[in-house]
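Shown next: work-v5.cif, containing mmCIF, C-alpha atoms.
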```cif
data_protein
#
loop_
_atom_site.label_atom_id
_atom_site.label_comp_id
_atom_site.auth_asym_id
_atom_site.auth_seq_id
_atom_site.Cartn_x
_atom_site.Cartn_y
_atom_site.Cartn_z
CA MET X 1 135.06 130.50 -102.93
CA ASP X 2 138.70 130.89 -101.92
CA ASP X 3 139.55 131.81 -105.52
CA MET X 4 137.03 134.65 -105.47
CA GLU X 5 138.36 136.01 -102.23
CA GLU X 6 141.84 135.84 -103.66
CA GLU X 7 140.69 137.71 -106.80
CA GLU X 8 139.16 140.45 -104.67
CA ASP X 9 142.42 140.85 -102.86
CA THR X 10 144.35 141.28 -106.12
CA LYS X 11 142.22 144.27 -107.29
CA PRO X 12 144.15 147.54 -107.03
CA LYS X 13 143.13 149.44 -103.96
CA VAL X 14 142.88 153.19 -104.57
CA VAL X 15 143.60 155.30 -101.55
CA ASP X 16 141.71 158.60 -101.45
CA THR X 17 144.71 160.87 -101.11
CA VAL X 18 143.86 163.37 -103.87
CA LYS X 19 141.01 165.86 -103.49
CA GLN X 20 138.99 166.94 -106.52
CA LEU X 21 136.52 169.73 -107.16
CA ARG X 22 134.87 169.62 -110.58
CA LEU X 23 132.94 172.45 -112.22
CA GLY X 24 130.74 171.87 -115.23
CA ILE X 25 128.25 173.46 -117.58
CA ASP X 26 125.54 171.82 -119.62
CA ILE X 27 126.21 172.58 -123.27
CA SER X 28 123.29 170.62 -124.71
CA LYS X 29 120.35 172.84 -123.76
CA PRO X 30 121.67 176.22 -124.93
CA PHE X 31 122.46 174.48 -128.21
CA MET X 32 119.11 172.67 -128.57
CA TYR X 33 116.94 175.59 -127.50
CA SER X 34 118.77 178.11 -129.66
CA PHE X 35 116.66 176.80 -132.54
CA SER X 36 113.23 177.14 -130.92
CA GLY X 37 113.24 180.54 -129.20
CA GLU X 38 110.44 179.29 -126.92
CA ARG X 39 112.69 177.94 -124.16
CA ARG X 40 115.92 178.92 -122.42
CA SER X 41 117.95 176.88 -119.99
CA TYR X 42 121.46 177.39 -118.64
CA GLU X 43 122.71 174.82 -116.16
CA ALA X 44 125.92 174.37 -114.17
CA GLU X 45 127.16 171.88 -111.62
CA ILE X 46 129.89 171.49 -109.03
CA ASP X 47 130.86 168.15 -107.52
CA TYR X 48 133.35 167.42 -104.80
CA TYR X 49 134.91 164.02 -104.21
CA LEU X 50 134.20 162.92 -100.65
CA ARG X 51 135.51 159.37 -100.37
CA LYS X 52 134.86 155.82 -101.57
CA ASP X 53 133.57 156.99 -104.98
CA ILE X 54 130.96 159.28 -103.43
CA TYR X 55 130.61 162.84 -104.67
CA ALA X 56 128.65 165.72 -103.14
CA VAL X 57 126.92 167.60 -105.94
CA VAL X 58 125.26 171.02 -106.20
CA GLU X 59 123.67 172.30 -109.38
CA SER X 60 122.09 175.57 -110.33
CA GLY X 61 120.84 177.44 -113.35
CA PHE X 62 118.19 179.64 -114.81
CA GLY X 63 115.94 179.90 -117.83
CA GLY X 64 112.40 180.39 -118.94
CA ALA X 65 109.75 179.93 -121.55
CA LYS X 66 107.78 182.04 -123.94
CA VAL X 67 104.31 180.78 -124.79
CA ASN X 68 102.75 182.39 -127.83
CA TYR X 69 100.20 179.92 -129.12
CA THR X 70 98.38 182.02 -131.66
CA ASP X 71 98.53 179.99 -134.82
CA PRO X 72 95.34 179.96 -136.91
CA ASN X 73 94.41 176.36 -136.08
CA HIS X 74 94.23 177.12 -132.37
CA LEU X 75 90.73 177.56 -131.02
CA ALA X 76 92.20 178.88 -127.79
CA ASP X 77 95.15 181.26 -127.99
CA LEU X 78 97.44 181.67 -125.01
CA ILE X 79 100.29 184.14 -124.46
CA TYR X 80 102.57 184.44 -121.43
CA THR X 81 106.19 184.12 -120.32
CA SER X 82 107.88 182.49 -117.35
CA ASN X 83 111.31 182.77 -115.77
CA ASN X 84 112.93 180.69 -113.07
CA VAL X 85 116.13 179.86 -111.27
CA PHE X 86 116.75 176.45 -109.74
CA PHE X 87 118.98 174.85 -107.15
CA LYS X 88 119.79 171.16 -106.68
CA ALA X 89 121.80 169.26 -104.10
CA GLY X 90 122.58 165.58 -103.78
CA VAL X 91 125.14 162.85 -104.10
CA SER X 92 126.55 160.68 -106.88
CA LYS X 93 128.15 157.30 -106.46
CA GLY X 94 130.78 156.05 -108.93
CA MET X 95 129.97 152.52 -110.04
CA LEU X 96 133.20 151.57 -111.79
CA LEU X 97 136.36 150.45 -110.12
CA ARG X 98 139.03 153.15 -110.14
CA LEU X 99 142.22 151.89 -111.75
CA GLY X 100 144.51 154.31 -109.93
CA THR X 101 144.58 157.59 -108.05
CA ASN X 102 144.58 159.45 -111.39
CA ASP X 103 141.62 157.52 -112.80
CA TRP X 104 138.61 159.84 -112.47
CA ASP X 105 136.56 158.41 -115.32
CA MET X 106 133.24 157.37 -113.93
CA ALA X 107 129.83 155.91 -114.53
CA PHE X 108 127.56 156.97 -111.73
CA ILE X 109 124.13 156.91 -110.19
CA GLY X 110 122.78 159.45 -107.75
CA ALA X 111 119.91 161.39 -106.30
CA ARG X 112 119.06 165.08 -106.04
CA TYR X 113 116.57 167.29 -104.27
CA ALA X 114 115.71 170.40 -106.24
CA PHE X 115 113.60 173.51 -105.89
CA SER X 116 112.87 176.41 -108.16
CA PRO X 117 111.19 179.78 -107.61
CA ILE X 118 109.22 180.59 -110.76
CA ARG X 119 107.73 183.86 -111.96
CA ARG X 120 104.89 183.44 -114.45
CA SER X 121 103.76 186.62 -116.18
CA ALA X 122 100.15 187.61 -116.63
CA ALA X 123 98.63 185.47 -119.35
CA THR X 124 96.20 186.55 -122.02
CA TYR X 125 93.86 184.03 -123.56
CA THR X 126 91.41 184.04 -126.41
CA ILE X 127 88.74 181.39 -126.82
CA THR X 128 87.45 181.15 -130.37
CA ASP X 129 83.98 179.74 -130.83
CA VAL X 130 82.74 179.18 -134.36
CA PHE X 131 79.22 180.26 -133.37
CA TRP X 132 79.71 182.93 -130.74
CA GLY X 133 82.96 184.51 -131.86
CA GLN X 134 85.92 185.26 -129.61
CA THR X 135 86.19 185.68 -125.86
CA SER X 136 89.36 187.20 -124.44
CA GLY X 137 90.65 187.75 -120.94
CA SER X 138 93.71 187.69 -118.77
CA ILE X 139 95.03 185.63 -115.87
CA PRO X 140 97.06 187.52 -113.23
CA ALA X 141 100.80 186.95 -112.86
CA LYS X 142 101.80 184.41 -110.24
CA ASN X 143 104.87 183.34 -108.26
CA LEU X 144 105.26 179.60 -107.83
CA THR X 145 107.81 177.32 -106.23
CA ALA X 146 108.49 173.86 -107.59
CA HIS X 147 110.02 171.08 -105.50
CA TRP X 148 111.14 167.85 -107.06
CA PHE X 149 113.30 164.79 -106.56
CA GLU X 150 115.66 163.33 -109.16
CA LEU X 151 117.23 159.97 -109.79
CA VAL X 152 120.27 160.40 -112.00
CA GLY X 153 122.76 158.26 -113.86
CA GLY X 154 125.51 159.01 -116.32
CA THR X 155 129.17 159.09 -117.20
CA LYS X 156 132.12 161.46 -117.07
CA VAL X 157 135.28 160.81 -119.04
CA GLU X 158 138.51 162.75 -118.66
CA PHE X 159 139.32 163.76 -122.22
CA PHE X 160 142.39 165.84 -121.42
CA LYS X 161 144.03 166.46 -118.07
CA GLY X 162 141.29 167.87 -115.88
CA VAL X 163 138.79 168.27 -118.74
CA PHE X 164 135.76 165.98 -118.69
CA VAL X 165 132.81 165.32 -120.97
CA GLY X 166 129.82 163.25 -120.02
CA TRP X 167 126.10 162.81 -120.05
CA THR X 168 123.52 162.60 -117.31
CA ILE X 169 120.04 161.15 -117.67
CA ARG X 170 117.49 162.12 -115.07
CA GLY X 171 114.11 160.93 -113.88
CA LYS X 172 112.37 163.84 -112.16
CA PHE X 173 109.39 163.56 -109.85
CA ARG X 174 107.57 166.67 -108.69
CA LEU X 175 106.69 166.78 -105.01
CA ASN X 176 104.11 169.60 -105.02
CA GLN X 177 101.81 168.68 -107.88
CA LYS X 178 98.73 170.62 -106.80
CA THR X 179 100.50 173.97 -107.17
CA PHE X 180 100.76 173.44 -110.91
CA LYS X 181 97.17 172.58 -111.80
CA GLU X 182 96.18 176.07 -112.94
CA LEU X 183 98.24 177.39 -115.87
CA PRO X 184 101.60 175.79 -115.11
CA PRO X 185 104.62 177.28 -116.89
CA ALA X 186 105.15 175.50 -120.20
CA TYR X 187 108.79 174.92 -119.33
CA VAL X 188 110.73 175.12 -116.08
CA ALA X 189 114.52 175.32 -116.48
CA GLY X 190 116.14 172.47 -114.54
CA TYR X 191 112.92 170.46 -114.55
CA GLY X 192 111.24 170.32 -117.96
CA LYS X 193 107.63 170.59 -119.02
CA GLY X 194 105.80 172.37 -116.25
CA ASP X 195 102.52 170.52 -116.71
CA LYS X 196 104.07 167.06 -116.21
CA ASN X 197 104.42 165.57 -112.75
CA SER X 198 107.29 163.34 -113.83
CA VAL X 199 109.74 163.90 -116.67
CA PHE X 200 112.92 162.46 -118.10
CA ASP X 201 115.73 164.78 -119.01
CA PHE X 202 119.25 164.72 -120.40
CA ASN X 203 122.34 166.87 -119.91
CA PHE X 204 125.63 166.86 -121.73
CA TYR X 205 128.29 168.35 -119.48
CA LEU X 206 131.68 169.85 -120.09
CA ASN X 207 133.63 169.84 -116.80
CA TYR X 208 136.93 171.05 -115.47
CA ALA X 209 138.51 169.48 -112.42
CA ILE X 210 140.77 171.12 -109.86
CA ARG X 211 142.90 168.70 -107.81
CA TRP X 212 145.16 169.17 -104.84
CA MET J 213 141.67 152.18 -121.83
CA THR J 214 138.79 149.77 -122.35
CA LYS J 215 136.82 151.48 -119.60
CA ARG J 216 137.40 154.87 -121.21
CA ARG J 217 136.35 153.63 -124.64
CA ILE J 218 133.11 152.23 -123.28
CA LEU J 219 132.31 155.50 -121.52
CA LEU J 220 133.10 157.56 -124.62
CA PHE J 221 131.01 155.24 -126.76
CA THR J 222 128.00 155.64 -124.47
CA THR J 223 128.52 159.42 -124.57
CA VAL J 224 128.34 159.48 -128.36
CA ILE J 225 125.26 157.23 -128.39
CA MET J 226 123.43 159.33 -125.80
CA CYS J 227 124.19 162.55 -127.69
CA LEU J 228 122.84 161.07 -130.90
CA LEU J 229 119.67 159.90 -129.12
CA TYR J 230 119.19 163.31 -127.55
CA ALA J 231 119.69 165.11 -130.85
CA ALA J 232 117.06 162.82 -132.39
CA CYS J 233 114.47 163.89 -129.80
CA LYS J 234 112.90 167.01 -131.25
CA GLN J 235 111.45 169.38 -128.69
CA GLU J 236 108.08 170.08 -130.22
CA ARG J 237 105.04 171.74 -128.76
CA ASP J 238 102.46 169.28 -127.46
CA PRO J 239 99.40 168.98 -129.68
CA CYS J 240 95.98 169.81 -128.26
CA LEU J 241 94.21 166.47 -127.98
CA GLN J 242 91.27 167.45 -125.79
CA PRO J 243 87.96 169.01 -126.81
CA VAL J 244 88.04 172.80 -126.50
CA THR J 245 84.38 173.46 -127.31
CA VAL J 246 81.88 172.22 -124.75
CA ALA J 247 78.12 171.95 -125.27
CA ALA J 248 74.98 171.31 -123.27
CA LYS J 249 73.38 168.01 -124.21
CA LEU J 250 69.60 167.96 -124.66
CA GLY J 251 67.49 164.83 -124.99
CA THR J 252 63.95 164.77 -126.40
CA TYR J 253 61.30 162.37 -125.09
CA LYS J 254 57.66 161.68 -125.77
CA ALA J 255 54.99 160.24 -123.51
CA THR J 256 52.85 157.52 -125.08
CA GLU J 257 49.69 156.08 -123.58
CA THR J 258 49.58 152.30 -123.65
CA ASP J 259 47.32 149.68 -122.15
CA THR J 260 49.59 149.50 -119.14
CA GLY J 261 49.86 153.24 -118.64
CA VAL J 262 52.01 156.14 -119.85
CA VAL J 263 55.40 155.17 -121.22
CA ILE J 264 58.15 157.73 -121.72
CA GLY J 265 60.10 156.95 -124.89
CA ASP J 266 62.68 158.65 -127.06
CA SER J 267 61.55 161.22 -129.57
CA LEU J 268 63.77 161.82 -132.59
CA LEU J 269 61.86 164.87 -133.91
CA PRO J 270 62.50 163.77 -137.52
CA ALA J 271 61.76 167.12 -139.15
CA ALA J 272 62.81 169.50 -136.38
CA THR J 273 64.53 172.84 -136.63
CA ILE J 274 66.62 173.80 -133.63
CA ALA J 275 68.29 177.20 -133.63
CA VAL J 276 69.85 179.61 -131.19
CA LEU J 277 68.37 183.05 -130.73
CA ASP J 278 70.61 186.00 -129.92
CA SER J 279 73.51 184.48 -131.81
CA PRO J 280 75.26 186.56 -134.47
CA LEU J 281 74.79 183.65 -136.84
CA ALA J 282 71.33 182.42 -135.66
CA PHE J 283 72.66 179.01 -136.44
CA VAL J 284 70.70 175.81 -136.82
CA TYR J 285 71.82 172.75 -134.98
CA GLY J 286 72.50 169.19 -135.84
CA GLU J 287 70.88 166.67 -138.02
CA PRO J 288 67.39 166.18 -136.60
CA GLY J 289 65.93 162.73 -136.84
CA LYS J 290 69.24 160.91 -136.44
CA SER J 291 69.53 161.14 -132.68
CA LYS J 292 67.36 162.11 -129.76
CA PHE J 293 70.27 164.22 -128.51
CA THR J 294 71.15 167.74 -129.57
CA ASN J 295 74.23 169.61 -128.39
CA ILE J 296 73.85 173.33 -127.79
CA ILE J 297 76.87 175.59 -127.40
CA LEU J 298 75.95 178.11 -124.72
CA SER J 299 76.87 181.75 -125.12
CA PRO J 300 80.16 182.62 -123.40
CA HIS J 301 79.22 186.31 -123.48
CA SER J 302 76.12 186.21 -121.25
CA ASP J 303 74.56 184.22 -118.44
CA SER J 304 71.64 182.88 -120.45
CA THR J 305 71.03 181.43 -123.89
CA ARG J 306 67.72 181.09 -125.72
CA ILE J 307 67.02 178.46 -128.35
CA PHE J 308 63.87 177.63 -130.28
CA ILE J 309 62.70 174.21 -131.29
CA GLN J 310 60.24 173.69 -134.10
CA PRO J 311 59.40 169.99 -133.99
CA ASP J 312 57.99 169.93 -137.52
CA SER J 313 59.78 172.37 -139.80
CA VAL J 314 57.13 171.95 -142.50
CA ARG J 315 54.69 173.85 -140.32
CA LYS J 316 55.85 177.46 -140.28
CA SER J 317 53.49 178.92 -137.69
CA SER J 318 55.24 180.71 -134.86
CA LEU J 319 52.95 178.84 -132.51
CA ASP J 320 54.77 175.66 -133.46
CA ARG J 321 58.00 177.06 -132.06
CA ASP J 322 58.91 176.66 -128.43
CA THR J 323 61.61 178.77 -126.82
CA ILE J 324 63.86 177.26 -124.17
CA THR J 325 66.01 179.52 -122.01
CA PHE J 326 69.04 178.23 -120.13
CA TYR J 327 70.29 180.20 -117.13
CA TYR J 328 73.83 179.42 -116.03
CA ASN J 329 77.07 180.53 -114.44
CA ARG J 330 80.23 180.57 -116.54
CA GLN J 331 83.48 179.12 -115.22
CA LEU J 332 86.78 179.71 -116.95
CA HIS J 333 88.54 176.36 -117.16
CA PHE J 334 92.22 175.70 -117.92
CA ILE J 335 92.62 172.67 -120.17
CA SER J 336 96.35 172.58 -120.88
CA ASN J 337 99.10 174.76 -122.28
CA ALA J 338 98.53 173.23 -125.68
CA CYS J 339 94.74 173.76 -125.63
CA GLY J 340 94.52 176.94 -123.55
CA TYR J 341 91.30 177.90 -121.79
CA THR J 342 87.65 177.16 -122.38
CA ASN J 343 84.40 177.92 -120.59
CA TYR J 344 82.56 175.38 -118.50
CA TYR J 345 78.98 176.14 -117.46
CA SER J 346 76.79 175.40 -114.50
CA ILE J 347 73.13 175.52 -115.53
CA TYR J 348 70.88 176.35 -112.60
CA ASP J 349 67.53 176.85 -114.32
CA VAL J 350 65.76 176.01 -117.58
CA LYS J 351 62.46 177.53 -118.70
CA SER J 352 60.39 176.91 -121.80
CA THR J 353 57.20 177.89 -123.54
CA ASN J 354 54.66 175.13 -123.93
CA TYR J 355 53.13 175.25 -127.39
CA ASN J 356 54.42 171.77 -128.15
CA ILE J 357 56.67 171.02 -125.24
CA ASP J 358 55.04 169.45 -122.22
CA SER J 359 57.89 170.17 -119.82
CA VAL J 360 61.65 170.48 -119.49
CA LYS J 361 63.75 168.99 -116.72
CA LEU J 362 67.29 169.94 -115.69
CA THR J 363 68.94 166.59 -114.96
CA ASN J 364 72.57 167.67 -114.61
CA GLY J 365 73.64 171.30 -114.63
CA SER J 366 77.34 170.66 -115.20
CA VAL J 367 78.41 171.40 -118.77
CA SER J 368 82.00 170.29 -119.28
CA ASN J 369 83.94 168.28 -121.82
CA ASP J 370 82.27 165.10 -120.58
CA ALA J 371 80.12 164.21 -123.59
CA ASN J 372 78.24 161.50 -121.70
CA ILE J 373 76.31 163.84 -119.42
CA GLU J 374 72.74 164.62 -120.50
CA ASN J 375 71.96 168.05 -119.10
CA VAL J 376 68.30 168.67 -120.00
CA LYS J 377 65.39 166.39 -120.87
CA ILE J 378 62.63 167.85 -123.06
CA TYR J 379 59.26 166.10 -122.91
CA TYR J 380 56.65 166.34 -125.67
#
```

Transcribe the structure of this file into structure tokens.
Amino acid sequence: MDDMEEEEDTKPKVVDTVKQLRLGIDISKPFMYSFSGERRSYEAEIDYYLRKDIYAVVESGFGGAKVNYTDPNHLADLIYTSNNVFFKAGVSKGMLLRLGTNDWDMAFIGARYAFSPIRRSAATYTITDVFWGQTSGSIPAKNLTAHWFELVGGTKVEFFKGVFVGWTIRGKFRLNQKTFKELPPAYVAGYGKGDKNSVFDFNFYLNYAIRW
Amino acid sequence: MTKRRILLFTTVIMCLLYAACKQERDPCLQPVTVAAKLGTYKATETDTGVVIGDSLLPAATIAVLDSPLAFVYGEPGKSKFTNIILSPHSDSTRIFIQPDSVRKSSLDRDTITFYYNRQLHFISNACGYTNYYSIYDVKSTNYNIDSVKLTNGSVSNDANIENVKIYY
């Protein structure tokens, strides 16, 4: 027992004398969605080192989806678009021991609250019945707001001085599920598939840190 | 440096995993076409009284009037149930049932008319919309049919609901 206490005492103690503000952009989604054309998502984050490996984090971004399900095998065609912005705020907690005041590499866990105003365009639908032919109609445009909670985890590694790369994996849990029962947007930037009440997501961030 | 190597290694692994996850459109796995389910029954007199049993109508012709195709339904004789797709263009659908298709007299045909309200129903983004129906009345002629009974007016993608019983 005494040995353990002694070992604890020998660990380097990092004093929080340096302040850091880190700005980052997600480079994974613009890359991934550039192939599909059905989704867009641009995400950025800012974190600020508070103390004792705790960071205050705000994130924001925008994007949208284009639904154009008209392929011949579809018995029910659906066409609409959606656009949204999103805002997130929360904290991250570094889980690895810092080896010095200049060691900002981190593995972290955290939590976020997020909301997103969404604009869904008017939708046109066609129901194809083999016996009765086609029925078409439209659903009016609608403004929605999504609220969700996120549990996050990930890493950030300082590649060059002040330049970080890292990934974040997120479990997202929507708080207002009933709002999205009737024609939810196919994709909500910052959240994921609009018809799912819980989703997992991934970001790959490129960050730049300012220290003083 | 060991800490940094571990973090970089996990970064590479996570990127590879993410790249392997293709973002594809969800397939439509739910039924899009819904139908009213009709059951045919026959009353038989026995020593103990009248017993209502199933009637398979082994040589029946069942067709929809007013349809552009005037289509004939199902495989009569294999099941007492017939599924009828109601018209999404109007608030009623007429069908005729000829219990014995060998007999061609028009008096052997009974017409059944379903009166209903249509409800547009969102299934999912992958499947789009379909029509559900709420049948509120059923009427029939009585050349062969004894009576018809609306047992459950809700026509949805629940295939277990029998909507109308037809008694011979």

Compile a residue-level contact table for chain X against chain J at a cut-off of 8 Å, reporting for every qualifying residue the shortest atom pair and its distance in Å to one decimal, with only C-alpha atoms counted, rows ordered by chain and ascending number, as JSON lines.
```
{"residue": "X:Met32", "atom": "CA", "partner": "J:Ala231", "partner_atom": "CA", "distance": 7.9}
{"residue": "X:Tyr69", "atom": "CA", "partner": "J:Ala338", "partner_atom": "CA", "distance": 7.7}
{"residue": "X:His74", "atom": "CA", "partner": "J:Cys339", "partner_atom": "CA", "distance": 7.5}
{"residue": "X:Leu75", "atom": "CA", "partner": "J:Val244", "partner_atom": "CA", "distance": 7.1}
{"residue": "X:Ala76", "atom": "CA", "partner": "J:Gly340", "partner_atom": "CA", "distance": 5.2}
{"residue": "X:Asp77", "atom": "CA", "partner": "J:Gly340", "partner_atom": "CA", "distance": 6.2}
{"residue": "X:Leu78", "atom": "CA", "partner": "J:Gly340", "partner_atom": "CA", "distance": 5.7}
{"residue": "X:Asp105", "atom": "CA", "partner": "J:Arg216", "partner_atom": "CA", "distance": 6.9}
{"residue": "X:Met106", "atom": "CA", "partner": "J:Leu219", "partner_atom": "CA", "distance": 7.9}
{"residue": "X:Ala107", "atom": "CA", "partner": "J:Leu219", "partner_atom": "CA", "distance": 7.4}
{"residue": "X:Tyr125", "atom": "CA", "partner": "J:Tyr341", "partner_atom": "CA", "distance": 6.9}
{"residue": "X:Thr126", "atom": "CA", "partner": "J:Tyr341", "partner_atom": "CA", "distance": 7.7}
{"residue": "X:Ile127", "atom": "CA", "partner": "J:Thr342", "partner_atom": "CA", "distance": 6.2}
{"residue": "X:Asp129", "atom": "CA", "partner": "J:Thr245", "partner_atom": "CA", "distance": 7.2}
{"residue": "X:Phe131", "atom": "CA", "partner": "J:Leu281", "partner_atom": "CA", "distance": 6.6}
{"residue": "X:Trp132", "atom": "CA", "partner": "J:Ser299", "partner_atom": "CA", "distance": 6.4}
{"residue": "X:Thr135", "atom": "CA", "partner": "J:Pro300", "partner_atom": "CA", "distance": 7.2}
{"residue": "X:Thr155", "atom": "CA", "partner": "J:Leu219", "partner_atom": "CA", "distance": 6.4}
{"residue": "X:Lys156", "atom": "CA", "partner": "J:Leu219", "partner_atom": "CA", "distance": 7.4}
{"residue": "X:Val157", "atom": "CA", "partner": "J:Leu219", "partner_atom": "CA", "distance": 6.6}
{"residue": "X:Gly166", "atom": "CA", "partner": "J:Thr223", "partner_atom": "CA", "distance": 6.1}
{"residue": "X:Trp167", "atom": "CA", "partner": "J:Thr223", "partner_atom": "CA", "distance": 6.1}
{"residue": "X:Glu182", "atom": "CA", "partner": "J:Phe334", "partner_atom": "CA", "distance": 6.4}
{"residue": "X:Leu183", "atom": "CA", "partner": "J:Phe334", "partner_atom": "CA", "distance": 6.6}
{"residue": "X:Pro184", "atom": "CA", "partner": "J:Asn337", "partner_atom": "CA", "distance": 7.7}
{"residue": "X:Ala186", "atom": "CA", "partner": "J:Asn337", "partner_atom": "CA", "distance": 6.4}
{"residue": "X:Asp195", "atom": "CA", "partner": "J:Ser336", "partner_atom": "CA", "distance": 7.7}
{"residue": "X:Phe202", "atom": "CA", "partner": "J:Tyr230", "partner_atom": "CA", "distance": 7.3}
{"residue": "X:Phe204", "atom": "CA", "partner": "J:Cys227", "partner_atom": "CA", "distance": 7.5}
```

* For the file shown, report as a PyMOL selection string the outcome of the PyMOL selection byres ((chain J and resi 348) around 10) at residue level. => chain J and resi 326-329+345-347+349-350+362+364-366

Region 165-178 of chain X: axis-aligned bounding box, 6 Å on each side, centre and edge lengths in Å, one decimal, as JSON:
```
{"center_x": 115.8, "center_y": 165.8, "center_z": -113.0, "size_x": 46.1, "size_y": 21.7, "size_z": 28.0}
```

* May I ask for the distance between CA of Glu158 (chain X) and CA of Trp104 (chain X), given in Å to one decimal place? =>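 Between CA of Glu158 (chain X) and CA of Trp104 (chain X) the gap is 6.8 Å.
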
* To do: Would you translate the PyMOL selection byres ((chain X and resi 47-56) around 10) into the concrete set of residues it matches in this file, as a PyMOL selection string?
  => chain X and resi 14-24+45-46+57-59+89-98+104+106+108-110+207+209-211

* Selected by the PyMOL selection byres ((chain J and resi 371) around 12) in the shown coordinates: which residues, as JSON, numbers by chain? -> {"J": [242, 243, 245, 246, 247, 248, 249, 250, 293, 294, 295, 296, 366, 367, 368, 369, 370, 372, 373, 374, 375]}

Preceding selection exported with C-alpha atoms as an mmCIF file, in the coordinates of the input:
```cif
data_model
loop_
_atom_site.group_PDB
_atom_site.id
_atom_site.type_symbol
_atom_site.label_atom_id
_atom_site.label_comp_id
_atom_site.auth_asym_id
_atom_site.auth_seq_id
_atom_site.Cartn_x
_atom_site.Cartn_y
_atom_site.Cartn_z
ATOM 1 C CA GLN J 242 91.270 167.450 -125.790
ATOM 2 C CA PRO J 243 87.960 169.010 -126.810
ATOM 3 C CA THR J 245 84.380 173.460 -127.310
ATOM 4 C CA VAL J 246 81.880 172.220 -124.750
ATOM 5 C CA ALA J 247 78.120 171.950 -125.270
ATOM 6 C CA ALA J 248 74.980 171.310 -123.270
ATOM 7 C CA LYS J 249 73.380 168.010 -124.210
ATOM 8 C CA LEU J 250 69.600 167.960 -124.660
ATOM 9 C CA PHE J 293 70.270 164.220 -128.510
ATOM 10 C CA THR J 294 71.150 167.740 -129.570
ATOM 11 C CA ASN J 295 74.230 169.610 -128.390
ATOM 12 C CA ILE J 296 73.850 173.330 -127.790
ATOM 13 C CA SER J 366 77.340 170.660 -115.200
ATOM 14 C CA VAL J 367 78.410 171.400 -118.770
ATOM 15 C CA SER J 368 82.000 170.290 -119.280
ATOM 16 C CA ASN J 369 83.940 168.280 -121.820
ATOM 17 C CA ASP J 370 82.270 165.100 -120.580
ATOM 18 C CA ASN J 372 78.240 161.500 -121.700
ATOM 19 C CA ILE J 373 76.310 163.840 -119.420
ATOM 20 C CA GLU J 374 72.740 164.620 -120.500
ATOM 21 C CA ASN J 375 71.960 168.050 -119.100
#
```
